[in-house]
Structures are given as C-alpha cells and as structure tokens.
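Novice: Got a file for you: my_file.txt, compact mmCIF, C-alpha atoms.
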```
# COMPACT_ATOMS: atom_id res chain seq x y z
CA MET A 227 32.62 66.31 21.39
CA PHE A 228 31.94 67.36 17.78
CA VAL A 229 30.54 64.49 15.71
CA ILE A 230 29.75 64.38 12.00
CA ILE A 231 27.00 61.95 11.09
CA ALA A 232 26.90 60.98 7.43
CA GLY A 233 23.44 59.81 6.40
CA ALA A 234 20.22 61.01 8.01
CA GLY A 235 18.17 57.87 7.66
CA ARG A 236 16.59 56.33 10.73
CA VAL A 237 19.95 55.40 12.26
CA GLY A 238 21.64 58.74 11.58
CA TYR A 239 18.62 60.78 12.61
CA ASN A 240 18.21 59.05 15.96
CA LEU A 241 21.93 59.15 16.64
CA ALA A 242 21.93 62.91 15.97
CA LYS A 243 19.05 63.46 18.36
CA GLY A 244 20.68 61.35 21.05
CA LEU A 245 24.03 63.13 20.77
CA LEU A 246 22.40 66.56 20.87
CA ALA A 247 20.45 65.56 23.98
CA GLU A 248 23.74 64.63 25.62
CA GLY A 249 25.12 68.07 24.83
CA HIS A 250 27.41 67.15 21.93
CA GLU A 251 27.85 69.27 18.85
CA ILE A 252 26.80 67.57 15.63
CA ALA A 253 26.72 68.02 11.88
CA LEU A 254 24.29 65.80 10.03
CA VAL A 255 24.97 65.26 6.32
CA GLU A 256 22.16 64.12 4.05
CA LYS A 257 22.49 63.48 0.33
CA ASP A 258 18.81 63.51 -0.56
CA LYS A 259 17.47 67.04 -1.02
CA SER A 260 13.88 66.34 0.02
CA ARG A 261 14.93 64.35 3.08
CA TYR A 262 17.27 67.24 3.95
CA GLN A 263 14.43 69.74 3.74
CA THR A 264 12.35 67.81 6.25
CA LEU A 265 15.24 68.03 8.73
CA VAL A 266 16.07 71.74 8.49
CA ASP A 267 13.34 72.83 10.91
CA GLU A 268 14.61 70.49 13.55
CA PHE A 269 18.37 70.74 13.11
CA GLY A 270 18.84 74.19 11.54
CA GLU A 271 22.38 74.82 10.35
CA SER A 272 23.56 71.52 11.78
CA VAL A 273 22.12 69.65 8.82
CA ILE A 274 23.96 69.89 5.51
CA ASN A 275 22.76 68.80 2.10
CA GLY A 276 25.47 66.99 0.16
CA ASP A 277 27.38 63.82 -0.55
CA ALA A 278 29.62 63.07 2.45
CA SER A 279 32.13 61.22 0.28
CA ASP A 280 32.76 64.54 -1.45
CA ALA A 281 35.64 66.48 0.13
CA PHE A 282 33.84 69.81 -0.22
CA THR A 283 30.77 68.55 1.66
CA LEU A 284 32.98 67.10 4.38
CA LYS A 285 34.67 70.47 4.76
CA GLN A 286 31.31 72.25 4.95
CA ALA A 287 30.31 69.85 7.71
CA GLY A 288 33.49 70.77 9.61
CA ALA A 289 35.56 67.63 9.03
CA ASN A 290 38.80 69.49 9.69
CA ARG A 291 37.84 70.03 13.33
CA CYS A 292 35.59 67.08 14.18
CA ASP A 293 36.47 64.48 16.81
CA LEU A 294 34.51 61.65 15.28
CA LEU A 295 32.74 60.78 12.05
CA VAL A 296 30.01 58.17 11.94
CA ALA A 297 28.84 56.85 8.55
CA THR A 298 25.34 55.43 8.80
CA ALA A 299 24.24 55.02 5.18
CA GLY A 300 22.36 51.95 4.04
CA ASN A 301 25.07 50.89 1.62
CA ASP A 302 28.57 49.82 2.51
CA GLU A 303 30.43 51.36 -0.42
CA ASP A 304 29.36 54.85 0.64
CA ASN A 305 30.13 54.23 4.31
CA LEU A 306 33.62 52.94 3.60
CA VAL A 307 34.57 55.72 1.19
CA ILE A 308 33.13 58.42 3.48
CA CYS A 309 35.25 57.19 6.40
CA GLN A 310 38.34 56.83 4.24
CA MET A 311 37.96 60.34 2.78
CA ALA A 312 37.49 61.77 6.28
CA LYS A 313 40.70 60.09 7.39
CA ILE A 314 42.81 60.77 4.31
CA VAL A 315 41.76 64.33 3.50
CA TYR A 316 40.87 65.74 6.92
CA MET A 317 42.76 63.46 9.30
CA VAL A 318 39.60 62.84 11.32
CA PRO A 319 40.88 61.09 14.47
CA LYS A 320 38.16 58.47 14.67
CA THR A 321 35.67 56.96 12.26
CA ILE A 322 32.85 54.53 12.89
CA ALA A 323 31.01 52.85 10.03
CA ARG A 324 27.74 51.04 9.89
CA VAL A 325 28.31 47.79 8.04
CA ASN A 326 25.20 46.48 6.34
CA ASP A 327 26.63 43.31 4.83
CA PRO A 328 28.49 41.25 7.48
CA LYS A 329 30.90 39.97 4.82
CA ASN A 330 32.34 43.47 4.50
CA GLU A 331 33.41 43.80 8.10
CA VAL A 332 36.87 42.34 7.46
CA LEU A 333 37.47 44.83 4.66
CA PHE A 334 36.46 47.80 6.80
CA THR A 335 38.72 46.76 9.66
CA LYS A 336 41.59 46.03 7.31
CA LEU A 337 41.28 49.45 5.71
CA GLY A 338 41.60 51.27 9.02
CA ILE A 339 38.04 52.12 9.95
CA ASP A 340 38.30 52.40 13.73
CA GLN A 341 35.07 50.74 14.62
CA THR A 342 32.27 49.01 12.78
CA VAL A 343 28.69 48.53 13.81
CA ASN A 344 27.14 45.60 12.09
CA THR A 345 23.41 46.18 12.07
CA THR A 346 22.59 42.90 10.32
CA ASN A 347 24.44 40.91 12.98
CA MET A 348 22.86 42.93 15.76
CA ILE A 349 19.37 42.19 14.49
CA SER A 350 20.20 38.50 14.13
CA ALA A 351 21.67 38.65 17.65
CA LEU A 352 18.42 39.98 19.02
CA ILE A 353 16.43 37.34 17.18
CA GLY A 354 18.93 34.67 18.24
CA HIS A 355 18.48 35.78 21.82
CA LYS A 356 14.79 35.03 21.47
CA VAL A 357 15.54 31.71 19.79
CA GLY A 358 17.71 30.87 22.77
CA ALA A 359 20.34 28.41 23.92
CA GLY A 360 23.79 28.06 22.45
CA PHE A 361 23.44 30.94 20.02
CA LEU A 362 26.50 33.16 19.87
CA ALA A 363 25.98 36.64 18.52
CA GLU A 364 28.47 39.35 17.83
CA LEU A 365 27.35 42.64 19.36
CA LEU A 366 30.28 44.87 18.57
CA SER A 367 33.65 44.51 16.91
CA PHE A 368 36.67 46.74 17.04
CA GLN A 369 40.28 46.25 15.92
CA ASN A 370 40.83 42.50 16.32
CA ALA A 371 38.41 41.99 19.20
CA GLU A 372 34.67 41.63 19.58
CA ILE A 373 31.97 41.64 22.22
CA VAL A 374 29.67 38.64 21.91
CA GLN A 375 26.56 37.40 23.61
CA ILE A 376 25.92 33.71 24.20
CA GLU A 377 23.09 31.85 25.88
CA VAL A 378 23.94 29.07 28.33
CA PRO A 379 21.93 25.96 27.38
CA GLU A 380 20.53 23.47 29.92
CA GLY A 381 23.13 20.80 30.66
CA SER A 382 26.10 22.97 29.73
CA GLY A 383 29.36 22.02 31.46
CA VAL A 384 29.83 25.53 32.80
CA ILE A 385 26.67 25.57 34.93
CA GLY A 386 27.28 25.89 38.66
CA LYS A 387 30.99 26.54 38.26
CA PRO A 388 32.67 29.73 39.46
CA VAL A 389 34.04 31.79 36.60
CA LYS A 390 37.62 31.47 37.88
CA ASP A 391 37.53 27.69 37.36
CA LEU A 392 36.58 27.91 33.70
CA ILE A 393 39.29 27.37 31.11
CA LEU A 394 38.53 30.13 28.66
CA PRO A 395 39.97 30.46 25.15
CA LYS A 396 43.01 32.74 24.77
CA ASP A 397 42.27 36.47 24.96
CA THR A 398 38.72 35.84 26.10
CA LEU A 399 37.06 37.38 29.13
CA LEU A 400 33.58 36.86 30.52
CA ILE A 401 32.31 40.32 31.36
CA ALA A 402 28.71 40.08 32.49
CA SER A 403 25.71 37.85 32.66
CA ILE A 404 22.10 38.72 32.05
CA ARG A 405 19.68 36.80 34.24
CA ASP A 406 16.00 37.70 34.58
CA GLU A 407 16.63 40.95 32.68
CA GLN A 408 19.26 41.99 35.24
CA VAL A 409 22.83 42.58 34.14
CA GLN A 410 25.53 41.64 36.61
CA VAL A 411 29.26 42.00 36.22
CA LEU A 412 30.97 38.62 36.49
CA LYS A 413 33.74 38.19 39.05
CA GLY A 414 35.96 35.20 39.73
CA ASP A 415 33.57 33.67 42.24
CA SER A 416 30.36 34.36 40.28
CA THR A 417 28.61 31.20 39.14
CA ILE A 418 26.82 30.65 35.88
CA LEU A 419 23.31 29.23 35.66
CA ALA A 420 21.38 27.65 32.80
CA ASN A 421 19.65 30.21 30.56
CA ASP A 422 22.05 32.97 31.60
CA SER A 423 23.00 35.17 28.73
CA LEU A 424 26.74 35.84 28.89
CA ILE A 425 28.53 38.86 27.51
CA ALA A 426 32.15 38.17 26.63
CA LEU A 427 35.13 39.91 25.14
CA THR A 428 36.85 37.63 22.64
CA ASN A 429 38.19 37.52 19.07
CA LYS A 430 37.47 35.57 15.90
CA ALA A 431 39.67 32.68 17.00
CA GLY A 432 38.19 32.51 20.48
CA GLU A 433 34.60 32.65 19.30
CA GLU A 434 34.33 29.02 18.21
CA ALA A 435 36.15 27.70 21.31
CA LEU A 436 33.86 29.78 23.51
CA ARG A 437 30.78 28.41 21.79
CA LYS A 438 32.06 24.85 22.41
CA LEU A 439 32.84 25.58 26.04
CA ILE A 440 29.43 27.03 26.78
CA MET B 78 44.37 36.43 -19.03
CA LYS B 79 41.32 36.45 -16.87
CA VAL B 80 39.75 39.90 -16.68
CA VAL B 81 36.78 41.00 -14.59
CA ILE B 82 35.13 44.18 -15.87
CA CYS B 83 32.60 45.98 -13.66
CA GLY B 84 30.19 48.12 -15.61
CA SER B 85 29.09 47.75 -19.20
CA GLY B 86 28.53 51.41 -19.93
CA LYS B 87 30.44 53.20 -22.66
CA VAL B 88 33.89 52.76 -21.11
CA GLY B 89 33.31 49.16 -20.01
CA THR B 90 31.98 48.22 -23.43
CA LYS B 91 34.90 49.79 -25.24
CA ILE B 92 37.48 48.08 -23.04
CA ALA B 93 35.66 44.74 -23.27
CA GLU B 94 35.60 45.02 -27.03
CA ALA B 95 39.35 45.65 -27.18
CA LEU B 96 40.21 42.89 -24.71
CA GLY B 97 37.84 40.47 -26.38
CA GLN B 98 39.79 40.66 -29.62
CA GLN B 99 42.81 39.20 -27.85
CA ASP B 100 42.81 35.84 -26.20
CA ASN B 101 41.32 36.87 -22.87
CA ASP B 102 38.85 35.26 -20.56
CA LEU B 103 36.32 38.06 -19.90
CA VAL B 104 33.65 38.38 -17.25
CA ILE B 105 31.47 41.48 -17.33
CA ILE B 106 29.30 42.55 -14.39
CA ASP B 107 26.52 45.12 -14.52
CA ARG B 108 23.63 45.92 -12.23
CA ASP B 109 21.36 46.11 -15.23
CA ALA B 110 21.29 43.07 -17.53
CA ASP B 111 19.87 45.23 -20.34
CA ALA B 112 23.14 47.14 -20.42
CA PHE B 113 24.84 44.01 -21.80
CA ARG B 114 22.93 44.08 -25.07
CA PRO B 115 25.33 46.12 -27.23
CA ILE B 116 28.38 44.17 -26.05
CA GLU B 117 26.70 40.76 -26.05
CA ALA B 118 26.19 41.09 -29.77
CA ILE B 119 29.94 41.59 -30.33
CA LEU B 120 31.46 39.33 -27.69
CA THR B 121 30.12 35.84 -27.92
CA ASN B 122 32.65 34.18 -25.65
CA ALA B 123 32.45 36.53 -22.63
CA GLN B 124 30.52 35.74 -19.48
CA PHE B 125 27.86 38.22 -18.33
CA ILE B 126 26.69 38.53 -14.74
CA SER B 127 24.01 40.90 -13.53
CA GLY B 128 24.48 42.04 -9.95
CA ASN B 129 25.87 44.65 -7.58
CA ILE B 130 29.65 45.07 -7.89
CA ALA B 131 29.83 46.03 -4.22
CA ASP B 132 28.55 42.59 -3.22
CA GLN B 133 31.38 40.15 -2.53
CA ASP B 134 29.19 37.19 -3.50
CA VAL B 135 28.67 38.68 -6.96
CA LEU B 136 32.41 39.26 -7.35
CA VAL B 137 33.17 35.68 -6.31
CA LYS B 138 30.61 34.41 -8.79
CA ALA B 139 32.42 36.46 -11.44
CA GLY B 140 35.63 34.63 -10.56
CA ILE B 141 37.52 37.42 -8.79
CA GLU B 142 39.52 34.75 -6.97
CA GLY B 143 41.46 33.73 -10.05
CA ALA B 144 41.42 37.05 -11.89
CA ASP B 145 44.60 38.65 -13.28
CA ILE B 146 43.00 42.04 -13.89
CA PHE B 147 40.07 43.77 -12.19
CA LEU B 148 38.56 46.89 -13.74
CA ALA B 149 35.94 48.94 -11.88
CA LEU B 150 34.39 51.12 -14.56
CA THR B 151 30.84 51.90 -13.46
CA ASN B 152 29.42 55.42 -13.08
CA ASP B 153 29.43 55.15 -9.30
CA ASP B 154 32.74 56.37 -7.82
CA ASN B 155 32.19 54.82 -4.41
CA ALA B 156 31.15 51.44 -5.81
CA ASN B 157 34.26 51.47 -8.02
CA ILE B 158 36.59 52.39 -5.15
CA PHE B 159 34.91 49.84 -2.88
CA SER B 160 35.06 46.88 -5.27
CA ALA B 161 38.62 47.80 -6.32
CA GLN B 162 39.70 47.64 -2.68
CA ILE B 163 37.98 44.27 -2.27
CA ALA B 164 39.89 43.02 -5.31
CA LYS B 165 43.20 44.45 -4.11
CA GLU B 166 43.04 43.82 -0.38
CA LEU B 167 40.93 40.68 0.01
CA PHE B 168 41.52 38.80 -3.23
CA LYS B 169 45.04 40.05 -4.00
CA VAL B 170 44.32 40.68 -7.68
CA LYS B 171 47.61 41.89 -9.22
CA LYS B 172 46.26 44.61 -11.47
CA VAL B 173 43.33 46.66 -10.23
CA ILE B 174 42.11 49.88 -11.86
CA ALA B 175 39.18 52.05 -10.75
CA CYS B 176 37.51 54.87 -12.67
CA VAL B 177 36.81 57.78 -10.32
CA LYS B 178 35.11 60.88 -11.69
CA ASP B 179 35.74 63.07 -8.65
CA PRO B 180 39.35 64.36 -8.97
CA VAL B 181 39.75 64.88 -5.21
CA ARG B 182 38.65 61.35 -4.45
CA ALA B 183 40.85 59.94 -7.24
CA LYS B 184 43.92 61.76 -5.93
CA ALA B 185 43.24 60.85 -2.29
CA PHE B 186 42.99 57.13 -2.98
CA THR B 187 45.95 57.13 -5.37
CA ASP B 188 48.30 59.12 -3.15
CA GLU B 189 47.38 57.70 0.22
CA LEU B 190 46.28 54.14 -0.47
CA GLY B 191 48.09 53.29 -3.66
CA LEU B 192 44.96 52.54 -5.62
CA VAL B 193 45.36 52.86 -9.39
CA THR B 194 42.68 55.27 -10.53
CA VAL B 195 41.73 56.91 -13.80
CA CYS B 196 39.95 60.22 -13.45
CA GLY B 197 37.82 61.00 -16.49
CA THR B 198 37.19 64.55 -15.30
CA ASP B 199 40.92 65.35 -15.18
CA LEU B 200 41.50 63.78 -18.59
CA ILE B 201 38.67 65.71 -20.21
CA ALA B 202 39.73 68.99 -18.59
CA ASP B 203 43.32 68.44 -19.79
CA GLN B 204 42.14 67.75 -23.31
CA ILE B 205 40.00 70.88 -23.35
CA LYS B 206 42.86 73.00 -22.05
CA LYS B 207 45.17 71.53 -24.72
CA LYS B 208 42.69 72.18 -27.51
CA MET B 209 42.24 75.76 -26.35
CA GLY B 210 46.01 76.15 -26.60
CA ALA B 211 46.33 77.01 -22.93
CA LYS B 212 49.23 75.82 -20.81
```
Output the file's structure as structure tokens, nothing else.
Specialist:
Amino acid sequence: MFVIIAGAGRVGYNLAKGLLAEGHEIALVEKDKSRYQTLVDEFGESVINGDASDAFTLKQAGANRCDLLVATAGNDEDNLVICQMAKIVYMVPKTIARVNDPKNEVLFTKLGIDQTVNTTNMISALIGHKVGAGFLAELLSFQNAEIVQIEVPEGSGVIGKPVKDLILPKDTLLIASIRDEQVQVLKGDSTILANDSLIALTNKAGEEALRKLI
Amino acid sequence: MKVVICGSGKVGTKIAEALGQQDNDLVIIDRDADAFRPIEAILTNAQFISGNIADQDVLVKAGIEGADIFLALTNDDNANIFSAQIAKELFKVKKVIACVKDPVRAKAFTDELGLVTVCGTDLIADQIKKKMGAK
C-alpha cells in the first residue's frame, strides 16, 4: 500500500517507520524546514518539505496515486483541511485524521473523513484503565460506530453470566475481554468476571446504556 | 444582526468598522488581544474575545449559536476554512464567509463543498492584470 503521512512529529515519524518496516511505500510530508532536514538521512526522497494542505505539495507527495492519507499534525484545522484537500483535489480513496480536540470528532466524521484517531481520548482511556472500574473509554471511532473499553466493577450485574444471556443495547457487540493481561475473544458461552476489561463495538447511543449495564 | 468576526487584522478591522456603523451586534475574536487596539478605539459597543478561532469553546463563547453572519478573516487559511465549516455544519449559521489566500484551496472548497470563500490572491491578481490593461 502507498500511504502519505502528513506531519512528521512523533506520531507521523513512528507511523512512517512502522509502515516501512511492514513493507509499505510511504511519503512523509513535513512543513518545518529544520525538522525536515533531520529526516532526510533516514527517509531520503520519501520525505517532502511542504505544507500538506497545499495542492502542489500533495501532488509532489504522490496524492494522485496514494491508497491512504493519514494527517497527524498537532492541530485539528490542518488535519481536517489536509484530508479534505486530498479527497477533493486528488480523490484519495481513504483518509484518516488525528483529532486532538475530542469536540472536533463530530465535525470530522460529518465532513467525510473516513476514520479519526482521537489521541486525547486514547490517553484518557489508558489513564482511565489504571483508575479502574466502570470507566468507559473510546478507543477508536469510524463512521457511526466506535470501539470502547470498559472495566467491570465488583458487584456488577453482568458478573458470572454468559455473554448470550446479556441484554445488550442496540447495535452493540461484546468483542473481547482482557483478564490478567490476556485478551480473549468473547463467545456466547463466555462468562464475565469482576475486573475484566471488556472491548465492545457500539455507537454513541449505545455507549451510555452499555455503561449502565456493566 | 449578530455578526461574529474572526481576526482583527486589516480586513477584519475594516469590516468591523463598516458593520459597527450600522445597528449590528458585533463580536470580534483574535488570538492576540493586542490586535484589538486599533478597532477598540473606534468600536465601543463591540465585544472582544481573545482565543483560538479553531476552538469550538471559543466560538460558543463568542455566541456562534445565535449568530446571523460568521466571517473567518484571519491570515490562516486552514483556521478560516475550519471555523467556517464549524459555523456552517455544526451551528447552522446562515451566512458564512471565509477568506482563503490559496486560490486552489479557495476553489476546491467553493466548488466541492459549497463554502463561500473570498480569495485575496485572485482579487489582487485580477486588479493588477486590469491595471496593466491585459485581458
């Protein structure tokens, strides 16, 4: 796959390295000239100096033939416009944007960005996981659905019950549970224990009902 | 009418001055509170808010919810396009105009997403061509 990564900060840089290691072709676009210069040795011609919301820079990066564009900048206005330009001008089939301010997620989804990665929510999810019971955290959202993680508190009504007996909110599916650092896929006859961390597919409407249930 | 103006640079100041002479309820947002000084001296009844126009909380504080007109006139194309889309898509402001210096970006958002943009670069280039007598 050929992926354009807009923004070579920590997120963009590590993503680029990871994708290269997996054998993908990448173009990494960095606006800041001095940051760009530090990356040339490592990435050679795959790193481009320019503003990725500029059509010319996008073209230089190969937007007209890329499979995916990921915008990883630290500010949401750049990420949104970069993805929109890629879609409008170069018909890039798929765009993923890092969303820094959780309030902007609705806007991104509404404006046709295929997938958003909300770093602020992810960090709070990780902290919430450490805080523990009853905390529901959104891990990933796409179209109108989301993947969430929720801790099962002591005394929860779902403890000891097989998954198939639970009355889940509409369009919600329990996917996996994490117990003692081990991930296991949940089946109909799997039972849930206190302090399990559940991974579920749900949507905005199901989120609150799921939190109540657990 | 209630008007939210983002950016109190030269363009923002000029528009605010014109709108302030009529009976309008003006709110002006700029990242830099010092930028208000020239306009503050002229417009005594406008509200000034310092903050990032790409932050929804700042826009709500400026009263975007009840605004009739939203003007994104800062020097930052992406911030203007972003806040204009917040105004149009999330807060359903009837009249939204964004200044976009990059002609390609201005055209893309106008043609494909129906955003009302004003491209200073195009206007200046047209004027220069006209004054040179070229067609």
Novice: Which chain B residues are at most 9 Å from chain A (counting all atoms listed in the file), as a count of residues only?
Specialist: 21
Novice: Residues at most 8 Å from segment 235-241 of chain A, counting only C-alpha atoms, excluding those fewer than 2 positions away in the same chain, as a compact mmCIF listing (two decimals) with C-alpha atoms, in the frame of the given file?
Specialist:
```txt
# COMPACT_ATOMS: atom_id res chain seq x y z
CA ILE A 231 27.00 61.95 11.09
CA ALA A 232 26.90 60.98 7.43
CA GLY A 233 23.44 59.81 6.40
CA LYS A 243 19.05 63.46 18.36
CA GLY A 244 20.68 61.35 21.05
CA LEU A 245 24.03 63.13 20.77
CA LEU A 254 24.29 65.80 10.03
CA THR A 298 25.34 55.43 8.80
CA ALA A 299 24.24 55.02 5.18
```
Novice: For segment 257-373 of chain A against segment 386-398 of chain A, with a cut-off of 12 Å and counting all atoms listed in the file, what is the closest atom pair and its distance in Å to one decimal for every residue that makes the cut, ordered by chain and number, as JSON lines?
Specialist:
```
{"residue": "A:Asn370", "atom": "CA", "partner": "A:Asp397", "partner_atom": "CA", "distance": 10.6}
{"residue": "A:Ala371", "atom": "CA", "partner": "A:Asp397", "partner_atom": "CA", "distance": 8.9}
{"residue": "A:Glu372", "atom": "CA", "partner": "A:Thr398", "partner_atom": "CA", "distance": 9.6}
{"residue": "A:Ile373", "atom": "CA", "partner": "A:Thr398", "partner_atom": "CA", "distance": 9.7}
```
Novice: Please work out which residues fall within 10 Å of (21.4, 44.9, -14.2), coordinates as given in the file, with all atoms listed in the file counting, and return them as a ChimeraX atom specification.
Specialist: /B:84-85,106-113,126-129
Novice: So how far away is atom CA of Leu148 of chain B from atom CA of Ala118 of chain B, in Å?
Specialist: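 It comes out at 21.1 Å.
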Novice: Figure out the distance between atom CA of Ala139 of chain B and atom CA of Gln124 of chain B, please, to one decimal in Å.
Specialist: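 These two atoms are separated by 8.3 Å.
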Novice: Rounded to one decimal in Å, what is the spacing between atom CA of Leu295 of chain A and atom CA of Ala323 of chain A?
Specialist: 8.4 Å
Novice: For Gly143 of chain B, find every residue with an atom within 8 Å (counting only C-alpha atoms), except residues of its own chain fewer than 3 positions away, and show them as a list of chain:residue names.
Specialist: B:Lys79, B:Gly140, B:Val170
Novice: Hey, can I get the axis-aligned box for segment 359-377 of chain A? All listed atoms, 4 Å padding on each side, centre and edge lengths in Å to one decimal, as JSON.
Specialist:
```
{"center_x": 30.6, "center_y": 37.4, "center_z": 20.9, "size_x": 28.5, "size_y": 26.7, "size_z": 18.0}
```
Novice: With distances taken over only C-alpha atoms, which residue among A:Glu380, A:Glu433, A:Glu251, A:Asp277 lies nearest Asp293 of chain A?
Specialist: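 Of A:Glu380, A:Glu433, A:Glu251, A:Asp277, the one nearest Asp293 of chain A, counting only C-alpha atoms, is A:Glu251.
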Novice: May I ask you to restore N, CA and C atoms in segment 115-145 of chain B and write the result as a PDB file, in the frame of the given file?
Specialist:
```pdb
ATOM      1  N   PRO B 115      24.432  45.736 -26.136  1.00  0.00           N
ATOM      2  CA  PRO B 115      25.330  46.120 -27.230  1.00  0.00           C
ATOM      3  C   PRO B 115      26.596  45.241 -27.270  1.00  0.00           C
ATOM      4  N   ILE B 116      27.125  44.918 -26.086  1.00  0.00           N
ATOM      5  CA  ILE B 116      28.380  44.170 -26.050  1.00  0.00           C
ATOM      6  C   ILE B 116      28.159  42.668 -26.280  1.00  0.00           C
ATOM      7  N   GLU B 117      27.010  42.195 -25.860  1.00  0.00           N
ATOM      8  CA  GLU B 117      26.700  40.760 -26.050  1.00  0.00           C
ATOM      9  C   GLU B 117      26.699  40.388 -27.526  1.00  0.00           C
ATOM     10  N   ALA B 118      26.266  41.343 -28.339  1.00  0.00           N
ATOM     11  CA  ALA B 118      26.190  41.090 -29.770  1.00  0.00           C
ATOM     12  C   ALA B 118      27.588  40.932 -30.373  1.00  0.00           C
ATOM     13  N   ILE B 119      28.571  41.628 -29.787  1.00  0.00           N
ATOM     14  CA  ILE B 119      29.940  41.590 -30.330  1.00  0.00           C
ATOM     15  C   ILE B 119      30.755  40.461 -29.721  1.00  0.00           C
ATOM     16  N   LEU B 120      30.642  40.327 -28.389  1.00  0.00           N
ATOM     17  CA  LEU B 120      31.460  39.330 -27.690  1.00  0.00           C
ATOM     18  C   LEU B 120      30.646  38.084 -27.397  1.00  0.00           C
ATOM     19  N   THR B 121      30.918  37.041 -28.112  1.00  0.00           N
ATOM     20  CA  THR B 121      30.120  35.840 -27.920  1.00  0.00           C
ATOM     21  C   THR B 121      30.715  34.930 -26.837  1.00  0.00           C
ATOM     22  N   ASN B 122      32.014  35.107 -26.587  1.00  0.00           N
ATOM     23  CA  ASN B 122      32.650  34.180 -25.650  1.00  0.00           C
ATOM     24  C   ASN B 122      32.814  34.744 -24.226  1.00  0.00           C
ATOM     25  N   ALA B 123      32.319  35.961 -23.983  1.00  0.00           N
ATOM     26  CA  ALA B 123      32.450  36.530 -22.630  1.00  0.00           C
ATOM     27  C   ALA B 123      31.313  36.046 -21.745  1.00  0.00           C
ATOM     28  N   GLN B 124      31.552  36.131 -20.442  1.00  0.00           N
ATOM     29  CA  GLN B 124      30.520  35.740 -19.480  1.00  0.00           C
ATOM     30  C   GLN B 124      29.880  37.016 -18.917  1.00  0.00           C
ATOM     31  N   PHE B 125      28.547  37.029 -18.820  1.00  0.00           N
ATOM     32  CA  PHE B 125      27.860  38.220 -18.330  1.00  0.00           C
ATOM     33  C   PHE B 125      27.133  37.906 -17.025  1.00  0.00           C
ATOM     34  N   ILE B 126      27.338  38.754 -16.041  1.00  0.00           N
ATOM     35  CA  ILE B 126      26.690  38.530 -14.740  1.00  0.00           C
ATOM     36  C   ILE B 126      25.972  39.801 -14.332  1.00  0.00           C
ATOM     37  N   SER B 127      24.690  39.695 -14.013  1.00  0.00           N
ATOM     38  CA  SER B 127      24.010  40.900 -13.530  1.00  0.00           C
ATOM     39  C   SER B 127      23.988  40.876 -12.003  1.00  0.00           C
ATOM     40  N   GLY B 128      24.416  41.975 -11.410  1.00  0.00           N
ATOM     41  CA  GLY B 128      24.480  42.040  -9.950  1.00  0.00           C
ATOM     42  C   GLY B 128      25.205  43.296  -9.502  1.00  0.00           C
ATOM     43  N   ASN B 129      25.250  43.481  -8.190  1.00  0.00           N
ATOM     44  CA  ASN B 129      25.870  44.650  -7.580  1.00  0.00           C
ATOM     45  C   ASN B 129      27.368  44.402  -7.402  1.00  0.00           C
ATOM     46  N   ILE B 130      28.185  45.278  -7.963  1.00  0.00           N
ATOM     47  CA  ILE B 130      29.650  45.070  -7.890  1.00  0.00           C
ATOM     48  C   ILE B 130      30.194  45.290  -6.477  1.00  0.00           C
ATOM     49  N   ALA B 131      29.374  45.853  -5.595  1.00  0.00           N
ATOM     50  CA  ALA B 131      29.830  46.030  -4.220  1.00  0.00           C
ATOM     51  C   ALA B 131      29.436  44.841  -3.343  1.00  0.00           C
ATOM     52  N   ASP B 132      28.929  43.795  -3.957  1.00  0.00           N
ATOM     53  CA  ASP B 132      28.550  42.590  -3.220  1.00  0.00           C
ATOM     54  C   ASP B 132      29.616  41.516  -3.456  1.00  0.00           C
ATOM     55  N   GLN B 133      30.284  41.125  -2.388  1.00  0.00           N
ATOM     56  CA  GLN B 133      31.380  40.150  -2.530  1.00  0.00           C
ATOM     57  C   GLN B 133      30.928  38.840  -3.168  1.00  0.00           C
ATOM     58  N   ASP B 134      29.692  38.428  -2.908  1.00  0.00           N
ATOM     59  CA  ASP B 134      29.190  37.190  -3.500  1.00  0.00           C
ATOM     60  C   ASP B 134      29.147  37.284  -5.021  1.00  0.00           C
ATOM     61  N   VAL B 135      28.735  38.460  -5.504  1.00  0.00           N
ATOM     62  CA  VAL B 135      28.670  38.680  -6.960  1.00  0.00           C
ATOM     63  C   VAL B 135      30.082  38.628  -7.551  1.00  0.00           C
ATOM     64  N   LEU B 136      31.031  39.237  -6.855  1.00  0.00           N
ATOM     65  CA  LEU B 136      32.410  39.260  -7.350  1.00  0.00           C
ATOM     66  C   LEU B 136      33.016  37.846  -7.369  1.00  0.00           C
ATOM     67  N   VAL B 137      32.681  37.057  -6.352  1.00  0.00           N
ATOM     68  CA  VAL B 137      33.170  35.680  -6.310  1.00  0.00           C
ATOM     69  C   VAL B 137      32.568  34.872  -7.463  1.00  0.00           C
ATOM     70  N   LYS B 138      31.301  35.093  -7.683  1.00  0.00           N
ATOM     71  CA  LYS B 138      30.610  34.410  -8.790  1.00  0.00           C
ATOM     72  C   LYS B 138      31.265  34.777 -10.130  1.00  0.00           C
ATOM     73  N   ALA B 139      31.761  36.006 -10.210  1.00  0.00           N
ATOM     74  CA  ALA B 139      32.420  36.460 -11.440  1.00  0.00           C
ATOM     75  C   ALA B 139      33.847  35.928 -11.546  1.00  0.00           C
ATOM     76  N   GLY B 140      34.302  35.240 -10.507  1.00  0.00           N
ATOM     77  CA  GLY B 140      35.630  34.630 -10.560  1.00  0.00           C
ATOM     78  C   GLY B 140      36.759  35.553 -10.139  1.00  0.00           C
ATOM     79  N   ILE B 141      36.477  36.478  -9.243  1.00  0.00           N
ATOM     80  CA  ILE B 141      37.520  37.420  -8.790  1.00  0.00           C
ATOM     81  C   ILE B 141      38.712  36.685  -8.186  1.00  0.00           C
ATOM     82  N   GLU B 142      38.456  35.493  -7.641  1.00  0.00           N
ATOM     83  CA  GLU B 142      39.520  34.750  -6.970  1.00  0.00           C
ATOM     84  C   GLU B 142      40.690  34.398  -7.891  1.00  0.00           C
ATOM     85  N   GLY B 143      40.366  34.105  -9.153  1.00  0.00           N
ATOM     86  CA  GLY B 143      41.460  33.730 -10.050  1.00  0.00           C
ATOM     87  C   GLY B 143      41.771  34.804 -11.082  1.00  0.00           C
ATOM     88  N   ALA B 144      41.267  36.011 -10.867  1.00  0.00           N
ATOM     89  CA  ALA B 144      41.420  37.050 -11.890  1.00  0.00           C
ATOM     90  C   ALA B 144      42.830  37.640 -11.925  1.00  0.00           C
ATOM     91  N   ASP B 145      43.310  37.968 -13.131  1.00  0.00           N
ATOM     92  CA  ASP B 145      44.600  38.650 -13.280  1.00  0.00           C
ATOM     93  C   ASP B 145      44.400  40.164 -13.259  1.00  0.00           C
TER      94      ASP B 145
END
```
